[in-house]
$ cat model-v4.pdb   # PDB, C-alpha atoms
ATOM      1  CA  MET A 863      69.019 168.091 224.139
ATOM      2  CA  SER A 864      65.343 167.082 223.867
ATOM      3  CA  GLY A 865      62.936 169.761 224.996
ATOM      4  CA  GLY A 866      65.565 172.488 224.960
ATOM      5  CA  VAL A 867      64.848 176.183 224.480
ATOM      6  CA  VAL A 868      67.087 178.735 222.763
ATOM      7  CA  ALA A 869      66.767 182.462 223.445
ATOM      8  CA  LEU A 870      68.256 185.348 221.464
ATOM      9  CA  SER A 871      69.054 188.197 223.820
ATOM     10  CA  GLY A 872      70.501 191.640 224.105
ATOM     11  CA  GLY A 873      71.077 193.280 227.462
ATOM     12  CA  VAL A 874      68.711 194.213 230.278
ATOM     13  CA  GLY A 875      65.277 193.381 228.830
ATOM     14  CA  GLY A 876      66.450 190.196 227.188
ATOM     15  CA  ALA A 877      68.338 189.179 230.307
ATOM     16  CA  LYS A 878      65.155 189.462 232.377
ATOM     17  CA  LEU A 879      63.243 187.065 230.132
ATOM     18  CA  ALA A 880      66.254 184.741 229.931
ATOM     19  CA  HIS A 881      66.185 184.635 233.728
ATOM     20  CA  GLY A 882      62.466 183.871 233.653
ATOM     21  CA  LEU A 883      63.013 181.047 231.189
ATOM     22  CA  SER A 884      65.791 179.626 233.360
ATOM     23  CA  MET A 885      63.339 179.488 236.274
ATOM     24  CA  ALA A 886      60.627 177.850 234.158
ATOM     25  CA  LEU A 887      62.839 175.155 232.632
ATOM     26  CA  GLU A 888      64.816 172.219 233.933
ATOM     27  CA  PRO A 889      68.502 172.985 234.628
ATOM     28  CA  GLY A 890      70.523 172.778 231.434
ATOM     29  CA  ALA A 891      67.531 173.095 229.099
ATOM     30  CA  LEU A 892      68.175 176.730 228.182
ATOM     31  CA  SER A 893      70.730 178.159 225.749
ATOM     32  CA  ILE A 894      71.033 181.921 225.281
ATOM     33  CA  ILE A 895      72.686 183.396 222.198
ATOM     34  CA  VAL A 896      73.801 186.884 223.209
ATOM     35  CA  ASN A 897      74.586 189.971 221.179
ATOM     36  CA  THR A 898      78.249 191.005 221.212
ATOM     37  CA  GLY A 899      77.906 193.948 218.824
ATOM     38  CA  ASP A 900      77.960 196.217 221.909
ATOM     39  CA  ASP A 901      81.377 194.906 222.998
ATOM     40  CA  PHE A 902      84.150 197.473 223.024
ATOM     41  CA  THR A 903      87.550 198.257 224.515
ATOM     42  CA  HIS A 904      87.626 200.790 227.352
ATOM     43  CA  LEU A 905      90.792 201.715 229.246
ATOM     44  CA  GLY A 906      92.386 198.711 227.574
ATOM     45  CA  LEU A 907      89.691 196.353 228.856
ATOM     46  CA  HIS A 908      87.373 194.152 226.810
ATOM     47  CA  VAL A 909      83.842 195.020 227.949
ATOM     48  CA  SER A 910      80.882 192.777 226.992
ATOM     49  CA  PRO A 911      77.815 194.649 228.291
ATOM     50  CA  ASP A 912      75.055 192.358 227.012
ATOM     51  CA  VAL A 913      76.842 189.137 227.915
ATOM     52  CA  ASP A 914      77.495 190.444 231.413
ATOM     53  CA  SER A 915      73.868 191.561 231.834
ATOM     54  CA  VAL A 916      72.717 188.035 231.024
ATOM     55  CA  ILE A 917      75.292 186.493 233.382
ATOM     56  CA  TYR A 918      74.322 188.823 236.225
ATOM     57  CA  ALA A 919      70.615 188.100 235.739
ATOM     58  CA  LEU A 920      71.092 184.322 235.734
ATOM     59  CA  ALA A 921      73.406 184.480 238.759
ATOM     60  CA  HIS A 922      70.977 186.725 240.700
ATOM     61  CA  LEU A 923      73.596 189.488 240.729
ATOM     62  CA  SER A 924      71.746 192.211 238.799
ATOM     63  CA  ASP A 925      71.269 195.628 240.331
ATOM     64  CA  VAL A 926      67.481 196.018 240.064
ATOM     65  CA  THR A 927      67.583 199.585 241.424
ATOM     66  CA  ARG A 928      69.901 201.035 238.778
ATOM     67  CA  GLY A 929      68.660 198.608 236.143
ATOM     68  CA  TRP A 930      72.173 197.637 235.023
ATOM     69  CA  GLY A 931      75.395 196.231 236.448
ATOM     70  CA  ARG A 932      75.947 194.259 239.651
ATOM     71  CA  ARG A 933      74.045 194.659 242.891
ATOM     72  CA  ASP A 934      75.905 195.739 246.042
ATOM     73  CA  GLU A 935      78.494 197.399 243.812
ATOM     74  CA  THR A 936      81.238 199.654 245.170
ATOM     75  CA  TRP A 937      82.944 202.489 243.292
ATOM     76  CA  THR A 938      86.467 202.924 244.634
ATOM     77  CA  PHE A 939      87.981 202.448 241.177
ATOM     78  CA  MET A 940      85.880 205.246 239.668
ATOM     79  CA  LYS A 941      86.679 207.552 242.594
ATOM     80  CA  VAL A 942      90.419 207.110 242.110
ATOM     81  CA  LEU A 943      90.073 207.309 238.324
ATOM     82  CA  ARG A 944      88.338 210.665 238.710
ATOM     83  CA  GLU A 945      91.047 211.930 241.049
ATOM     84  CA  LEU A 946      93.687 210.984 238.490
ATOM     85  CA  GLY A 947      91.855 212.643 235.592
ATOM     86  CA  GLY A 948      90.806 209.455 233.819
ATOM     87  CA  GLU A 949      87.802 209.062 231.511
ATOM     88  CA  GLN A 950      84.616 208.766 233.541
ATOM     89  CA  TRP A 951      81.842 208.519 230.947
ATOM     90  CA  PHE A 952      81.616 204.712 231.221
ATOM     91  CA  GLN A 953      80.979 203.627 234.807
ATOM     92  CA  LEU A 954      82.939 200.605 236.014
ATOM     93  CA  GLY A 955      82.018 199.317 239.450
ATOM     94  CA  ASP A 956      84.651 197.404 241.390
ATOM     95  CA  GLY A 957      82.981 194.005 241.030
ATOM     96  CA  ASP A 958      82.177 194.622 237.371
ATOM     97  CA  LEU A 959      85.771 195.703 236.822
ATOM     98  CA  ALA A 960      87.031 192.327 238.013
ATOM     99  CA  MET A 961      85.032 190.659 235.215
ATOM    100  CA  HIS A 962      86.539 192.957 232.598
ATOM    101  CA  VAL A 963      90.088 192.575 233.876
ATOM    102  CA  LEU A 964      89.967 188.798 234.019
ATOM    103  CA  ARG A 965      88.250 188.506 230.636
ATOM    104  CA  THR A 966      90.832 190.796 229.029
ATOM    105  CA  TRP A 967      93.742 188.923 230.599
ATOM    106  CA  ARG A 968      92.421 185.558 229.452
ATOM    107  CA  LEU A 969      91.704 186.810 225.930
ATOM    108  CA  SER A 970      95.249 188.162 225.753
ATOM    109  CA  ARG A 971      96.535 184.672 226.561
ATOM    110  CA  GLY A 972      94.621 183.115 223.679
ATOM    111  CA  ALA A 973      91.305 182.086 225.236
ATOM    112  CA  SER A 974      88.168 182.563 223.178
ATOM    113  CA  LEU A 975      85.375 184.811 224.424
ATOM    114  CA  SER A 976      82.987 181.850 224.539
ATOM    115  CA  ASN A 977      85.387 179.831 226.722
ATOM    116  CA  VAL A 978      85.814 182.759 229.108
ATOM    117  CA  VAL A 979      82.030 183.159 229.333
ATOM    118  CA  LYS A 980      81.565 179.442 229.986
ATOM    119  CA  ASP A 981      84.111 179.529 232.793
ATOM    120  CA  PHE A 982      82.423 182.547 234.397
ATOM    121  CA  CYS A 983      79.050 180.788 234.204
ATOM    122  CA  ASP A 984      80.438 177.569 235.680
ATOM    123  CA  ARG A 985      81.992 179.435 238.584
ATOM    124  CA  LEU A 986      78.771 181.363 239.250
ATOM    125  CA  GLY A 987      76.639 178.217 239.205
ATOM    126  CA  ILE A 988      74.713 179.070 236.023
ATOM    127  CA  ALA A 989      73.186 175.969 234.447
ATOM    128  CA  ALA A 990      72.109 177.635 231.187
ATOM    129  CA  GLN A 991      74.474 177.887 228.229
ATOM    130  CA  VAL A 992      75.397 181.541 227.678
ATOM    131  CA  LEU A 993      76.724 181.740 224.130
ATOM    132  CA  PRO A 994      78.231 184.841 222.524
ATOM    133  CA  MET A 995      76.893 185.040 218.973
ATOM    134  CA  SER A 996      80.478 184.787 217.677
ATOM    135  CA  ASP A 997      84.032 184.642 218.935
ATOM    136  CA  ASP A 998      84.916 187.019 216.105
ATOM    137  CA  PRO A 999      84.543 190.771 216.679
ATOM    138  CA  VAL A1000      81.358 192.393 215.392
ATOM    139  CA  ARG A1001      80.849 196.056 216.239
ATOM    140  CA  THR A1002      77.585 197.958 215.993
ATOM    141  CA  ARG A1003      78.046 201.448 214.542
ATOM    142  CA  LEU A1004      75.470 204.135 213.947
ATOM    143  CA  LEU A1005      75.338 206.890 211.359
ATOM    144  CA  THR A1006      73.937 209.798 213.342
ATOM    145  CA  SER A1007      73.411 213.529 213.135
ATOM    146  CA  GLU A1008      76.975 213.733 214.521
ATOM    147  CA  GLY A1009      78.454 211.277 212.001
ATOM    148  CA  TRP A1010      79.391 207.623 212.512
ATOM    149  CA  LEU A1011      79.576 206.606 216.169
ATOM    150  CA  ASP A1012      80.498 203.369 217.900
ATOM    151  CA  PHE A1013      77.536 202.034 219.840
ATOM    152  CA  GLN A1014      78.808 202.744 223.356
ATOM    153  CA  ASP A1015      79.868 206.236 222.299
ATOM    154  CA  TYR A1016      76.292 206.856 221.142
ATOM    155  CA  PHE A1017      74.557 204.980 223.949
ATOM    156  CA  VAL A1018      76.571 205.945 227.024
ATOM    157  CA  ARG A1019      78.854 208.902 226.280
ATOM    158  CA  ARG A1020      76.225 210.821 224.260
ATOM    159  CA  GLN A1021      73.229 209.254 226.075
ATOM    160  CA  CYS A1022      71.433 208.485 222.782
ATOM    161  CA  ARG A1023      71.020 212.199 221.956
ATOM    162  CA  PRO A1024      72.202 212.155 218.304
ATOM    163  CA  ALA A1025      69.545 211.205 215.774
ATOM    164  CA  VAL A1026      70.111 207.796 214.158
ATOM    165  CA  ARG A1027      70.080 207.604 210.351
ATOM    166  CA  GLU A1028      71.589 204.189 209.646
ATOM    167  CA  ILE A1029      72.925 201.156 211.535
ATOM    168  CA  ALA A1030      75.828 198.931 210.485
ATOM    169  CA  PHE A1031      77.489 195.863 211.973
ATOM    170  CA  ASP A1032      81.182 196.008 211.184
ATOM    171  CA  GLY A1033      82.743 192.573 210.860
ATOM    172  CA  ALA A1034      79.426 190.702 210.677
ATOM    173  CA  GLN A1035      79.868 189.515 207.092
ATOM    174  CA  THR A1036      83.099 187.695 207.884
ATOM    175  CA  ALA A1037      82.256 186.645 211.441
ATOM    176  CA  ARG A1038      81.711 182.962 212.142
ATOM    177  CA  ALA A1039      78.668 182.044 214.164
ATOM    178  CA  LEU A1040      79.625 180.271 217.368
ATOM    179  CA  PRO A1041      79.355 176.534 216.571
ATOM    180  CA  GLN A1042      77.576 175.882 219.879
ATOM    181  CA  ALA A1043      74.987 178.520 218.946
ATOM    182  CA  LEU A1044      74.244 176.856 215.615
ATOM    183  CA  ALA A1045      74.151 173.454 217.331
ATOM    184  CA  ALA A1046      71.655 174.784 219.876
ATOM    185  CA  LEU A1047      69.373 176.103 217.124
ATOM    186  CA  THR A1048      69.442 172.799 215.246
ATOM    187  CA  GLN A1049      69.284 170.356 218.167
ATOM    188  CA  PRO A1050      66.727 167.528 217.826
ATOM    189  CA  GLY A1051      63.508 167.961 219.761
ATOM    190  CA  LEU A1052      63.989 171.685 220.290
ATOM    191  CA  ARG A1053      60.964 173.043 222.167
ATOM    192  CA  ALA A1054      61.132 176.723 221.236
ATOM    193  CA  ILE A1055      63.297 179.556 219.993
ATOM    194  CA  VAL A1056      62.614 182.837 221.779
ATOM    195  CA  ILE A1057      63.485 186.301 220.502
ATOM    196  CA  CYS A1058      63.635 188.237 223.763
ATOM    197  CA  PRO A1059      62.232 191.768 224.220
ATOM    198  CA  SER A1060      65.498 193.392 223.244
ATOM    199  CA  ASN A1061      66.013 196.323 220.889
ATOM    200  CA  PRO A1062      65.369 194.821 217.432
ATOM    201  CA  PHE A1063      67.780 197.227 215.711
ATOM    202  CA  VAL A1064      70.906 197.033 217.863
ATOM    203  CA  SER A1065      70.436 193.907 219.998
ATOM    204  CA  VAL A1066      68.680 191.318 217.823
ATOM    205  CA  ASP A1067      69.729 192.439 214.328
ATOM    206  CA  PRO A1068      73.465 192.039 215.091
ATOM    207  CA  ILE A1069      72.848 188.409 216.045
ATOM    208  CA  LEU A1070      70.865 187.804 212.862
ATOM    209  CA  ALA A1071      73.589 189.515 210.809
ATOM    210  CA  VAL A1072      76.137 186.820 211.657
ATOM    211  CA  PRO A1073      76.162 184.368 208.730
ATOM    212  CA  GLY A1074      74.290 181.163 209.486
ATOM    213  CA  ILE A1075      72.146 182.308 212.399
ATOM    214  CA  ARG A1076      69.176 183.690 210.457
ATOM    215  CA  ASP A1077      69.271 180.644 208.171
ATOM    216  CA  ALA A1078      69.286 178.341 211.195
ATOM    217  CA  LEU A1079      66.214 180.095 212.585
ATOM    218  CA  GLN A1080      64.402 179.821 209.269
ATOM    219  CA  ARG A1081      65.225 176.103 208.976
ATOM    220  CA  ALA A1082      64.439 175.276 212.587
ATOM    221  CA  THR A1083      61.560 172.900 213.231
ATOM    222  CA  ALA A1084      60.828 174.526 216.601
ATOM    223  CA  PRO A1085      58.388 177.436 216.808
ATOM    224  CA  VAL A1086      59.955 180.888 217.054
ATOM    225  CA  ILE A1087      58.288 183.184 219.589
ATOM    226  CA  ALA A1088      59.165 186.896 219.659
ATOM    227  CA  VAL A1089      58.352 189.318 222.472
ATOM    228  CA  SER A1090      57.888 193.050 221.938
ATOM    229  CA  PRO A1091      60.063 195.546 223.835
ATOM    230  CA  ILE A1092      57.551 198.347 223.094
ATOM    231  CA  ILE A1093      54.835 199.118 225.629
ATOM    232  CA  GLY A1094      52.473 202.057 225.249
ATOM    233  CA  GLY A1095      54.511 203.636 222.484
ATOM    234  CA  ARG A1096      57.808 203.542 224.349
ATOM    235  CA  ALA A1097      60.609 201.209 225.340
ATOM    236  CA  LEU A1098      60.974 200.576 229.063
ATOM    237  CA  LYS A1099      64.760 200.618 228.680
ATOM    238  CA  GLY A1100      66.993 201.909 225.920
ATOM    239  CA  PRO A1101      66.518 203.887 222.703
ATOM    240  CA  ALA A1102      64.349 201.530 220.599
ATOM    241  CA  ALA A1103      61.359 203.907 220.418
ATOM    242  CA  LYS A1104      63.571 206.934 219.697
ATOM    243  CA  MET A1105      65.300 205.013 216.917
ATOM    244  CA  MET A1106      61.950 204.120 215.362
ATOM    245  CA  VAL A1107      60.986 207.798 215.160
ATOM    246  CA  GLU A1108      64.332 208.735 213.626
ATOM    247  CA  LEU A1109      64.151 205.878 211.109
ATOM    248  CA  ASN A1110      60.638 207.021 210.085
ATOM    249  CA  LEU A1111      58.929 203.991 211.584
ATOM    250  CA  GLU A1112      55.767 203.865 213.652
ATOM    251  CA  VAL A1113      56.549 203.422 217.349
ATOM    252  CA  SER A1114      54.502 200.312 217.982
ATOM    253  CA  SER A1115      54.669 196.612 218.648
ATOM    254  CA  ARG A1116      53.424 196.058 215.092
ATOM    255  CA  THR A1117      56.628 197.632 213.750
ATOM    256  CA  VAL A1118      58.652 195.130 215.786
ATOM    257  CA  ALA A1119      56.439 192.251 214.659
ATOM    258  CA  GLN A1120      56.932 193.225 211.016
ATOM    259  CA  ARG A1121      60.714 192.983 211.437
ATOM    260  CA  TYR A1122      60.284 189.356 212.493
ATOM    261  CA  LEU A1123      57.988 188.297 209.659
ATOM    262  CA  GLY A1124      59.377 185.150 208.098
ATOM    263  CA  LEU A1125      61.158 184.257 211.349
ATOM    264  CA  ALA A1126      58.607 184.272 214.162
ATOM    265  CA  HIS A1127      55.501 182.112 214.313
ATOM    266  CA  ALA A1128      54.025 183.996 217.272
ATOM    267  CA  PHE A1129      54.479 187.510 218.607
ATOM    268  CA  ILE A1130      53.715 188.506 222.190
ATOM    269  CA  TYR A1131      52.754 192.123 222.865
ATOM    270  CA  ASP A1132      51.743 193.844 226.095
ATOM    271  CA  GLN A1133      48.113 193.302 227.014
ATOM    272  CA  SER A1134      47.665 197.006 227.798
ATOM    273  CA  GLU A1135      48.000 197.828 224.097
ATOM    274  CA  PRO A1136      45.366 197.520 221.372
ATOM    275  CA  PRO A1137      45.935 194.410 219.255
ATOM    276  CA  PRO A1138      48.266 195.002 216.307
ATOM    277  CA  ALA A1139      46.746 194.506 212.871
ATOM    278  CA  ALA A1140      46.971 190.899 211.719
ATOM    279  CA  LEU A1141      50.178 189.786 210.045
ATOM    280  CA  PRO A1142      50.393 186.771 207.721
ATOM    281  CA  GLY A1143      51.743 183.600 209.312
ATOM    282  CA  MET A1144      52.133 185.134 212.768
ATOM    283  CA  SER A1145      49.929 184.611 215.808
ATOM    284  CA  LEU A1146      49.509 187.742 217.951
ATOM    285  CA  ILE A1147      49.277 187.055 221.668
ATOM    286  CA  PRO A1148      48.541 189.627 224.420
ATOM    287  CA  ALA A1149      50.251 189.152 227.785
ATOM    288  CA  PRO A1150      51.705 191.156 230.666
ATOM    289  CA  THR A1151      55.232 191.856 229.464
ATOM    290  CA  ILE A1152      56.620 194.134 232.194
ATOM    291  CA  MET A1153      59.144 192.169 234.268
ATOM    292  CA  SER A1154      59.809 194.186 237.419
ATOM    293  CA  ASN A1155      60.372 191.148 239.654
ATOM    294  CA  ASP A1156      61.107 187.425 239.498
ATOM    295  CA  SER A1157      57.425 186.490 239.588
ATOM    296  CA  GLU A1158      56.655 188.601 236.514
ATOM    297  CA  ARG A1159      59.696 187.202 234.678
ATOM    298  CA  LEU A1160      58.524 183.668 235.369
ATOM    299  CA  GLN A1161      54.966 184.504 234.363
ATOM    300  CA  LEU A1162      56.048 185.862 230.974
ATOM    301  CA  ALA A1163      58.359 182.893 230.436
ATOM    302  CA  ARG A1164      55.435 180.542 230.984
ATOM    303  CA  VAL A1165      53.321 182.491 228.475
ATOM    304  CA  VAL A1166      56.168 182.182 225.944
ATOM    305  CA  LEU A1167      56.472 178.432 226.472
ATOM    306  CA  ALA A1168      52.708 177.939 226.304
ATOM    307  CA  SER A1169      52.623 179.901 223.057
ATOM    308  CA  ALA A1170      55.300 177.620 221.618
ATOM    309  CA  ALA A1171      53.328 174.546 222.675
ATOM    310  CA  HIS A1172      50.227 175.963 220.979
ATOM    311  CA  CYS A1173      52.188 176.566 217.756
ATOM    312  CA  THR A1174      53.209 172.909 217.682
ATOM    313  CA  GLY A1175      49.874 171.546 218.847
TER     314      GLY A1175
END

$ encode --input "model-v4.pdb" --output "structure tokens"
Amino acid sequence: MSGGVVALSGGVGGAKLAHGLSMALEPGALSIIVNTGDDFTHLGLHVSPDVDSVIYALAHLSDVTRGWGRRDETWTFMKVLRELGGEQWFQLGDGDLAMHVLRTWRLSRGASLSNVVKDFCDRLGIAAQVLPMSDDPVRTRLLTSEGWLDFQDYFVRRQCRPAVREIAFDGAQTARALPQALAALTQPGLRAIVICPSNPFVSVDPILAVPGIRDALQRATAPVIAVSPIIGGRALKGPAAKMMVELNLEVSSRTVAQRYLGLAHAFIYDQSEPPPAALPGMSLIPAPTIMSNDSERLQLARVVLASAAHCTG
């Protein structure tokens, strides 16, 4: 599709910019390749946290107060689960639960994850393509001060308390990139590829670990624009800054920019920060990157698109 834009996204932060891009672009112009390394099975249900965050953002269903999940959620399921002595560490609202149940049922009957996601998007009136990075399972695992942990065990059950020593993506080497994702990255006339302000270690790296995706980015003729998730030495959401400390990295936008050297042509950092030191082959662009409402999401999306136009101009 001429003039299309492809975004690589994790959960909440990436979903906000994906929503902004969807507002800035014509319907159908946006494709979003979403991390599925966070997916896991809970109470027998297939849960896709990052995919669902993107869907909720695009469908205007996100809970902006809690910062995750669906708005206007109810919690009868969790109340009864607690009364019956079930595991409570992962919160499942009633509306969210319906997504997990239906996805699990359809997967059990042979549907692919990407087909289930497409059907959800169609039914919710989402014009953008929401594309899991792969239909094959890839699972993010972390070597921590408490040993190897699955991502949700680390992130939710242990609330990111264990120190991270190493990160692995089980299944990535043999996973097949979703064909629609590779097609989106190589489409003629592509306007921009956007690396959203998601955690570079556990949201973006799993996508890039799937064979073919990094190569497609490097071969793409469209400019690649990355946005920093670090503001003032911290991440607004999630453990990115804590991970940097534990991996002996400087907590800064420059550290994020360095991870995208060779991929990104421009890097957007928050205008409240001092400019990062120059990096070869990468333009550094200050902008307001906090997205607390729709107007700020749209504003950042327009900065991203303008940066891409400048790279090609």

$ atom_distance --input "model-v4.pdb" --atom1 "atom CA of A:Trp951" --atom2 "atom CA of A:Arg1019"
5.6 Å

$ closest_residue --input "model-v4.pdb" --among "A:Val916, A:Leu959, A:Ile895, A:Ile988" --to "A:Gly875" --atoms "all atoms listed in the file"
A:Val916

$ resolve_selection --input "model-v4.pdb" --expression "the PyMOL selection byres ((chain A and resi 1141) around 12)" --output "VMD selection string"
chain A and resid 1115 to 1124 1126 to 1129 1137 to 1140 1142 to 1147

$ resolve_selection --input "model-v4.pdb" --expression "the PyMOL selection byres ((chain A and resi 918) around 10)" --output "ChimeraX atom specification"
/A:874,877-878,881,912-917,919-925,930-933,958,983,986,988

$ atom_distance --input "model-v4.pdb" --atom1 "atom CA of A:Arg1159" --atom2 "atom CA of A:Thr927"
16.2 Å

$ closest_residue --input "model-v4.pdb" --among "A:Leu1111, A:Pro1041, A:Gly1095, A:Pro1050" --to "A:Gly1074" --atoms "all atoms listed in the file"
A:Pro1041

$ closest_residue --input "model-v4.pdb" --among "A:Val963, A:Ala891, A:Val867, A:Val979" --to "A:Ala1170" --atoms "all atoms listed in the file"
A:Val867

$ resolve_selection --input "model-v4.pdb" --expression "the PyMOL selection byres ((chain A and resi 1022) around 12)" --output "list in words"
Leu1004, Thr1006, Ser1007, Glu1008, Leu1011, Asp1012, Phe1013, Gln1014, Asp1015, Tyr1016, Phe1017, Val1018, Arg1019, Arg1020, Gln1021, Arg1023, Pro1024, Ala1025, Val1026, Lys1099, Gly1100, Pro1101, Ala1102, Ala1103, Lys1104, Met1105 and Glu1108 of chain A

$ residues_around --input "model-v4.pdb" --residues "A:Ile1130" --least-positions-apart "6" --cutoff "7 Å" --atoms "only C-alpha atoms" --output "JSON, numbers by chain"
{"A": [1088, 1089, 1090, 1146, 1147, 1148, 1149]}

$ closest_residue --input "model-v4.pdb" --among "A:Leu905, A:Leu1005, A:Val1113, A:Cys1058" --to "A:Arg1027" --atoms "only C-alpha atoms"
A:Leu1005
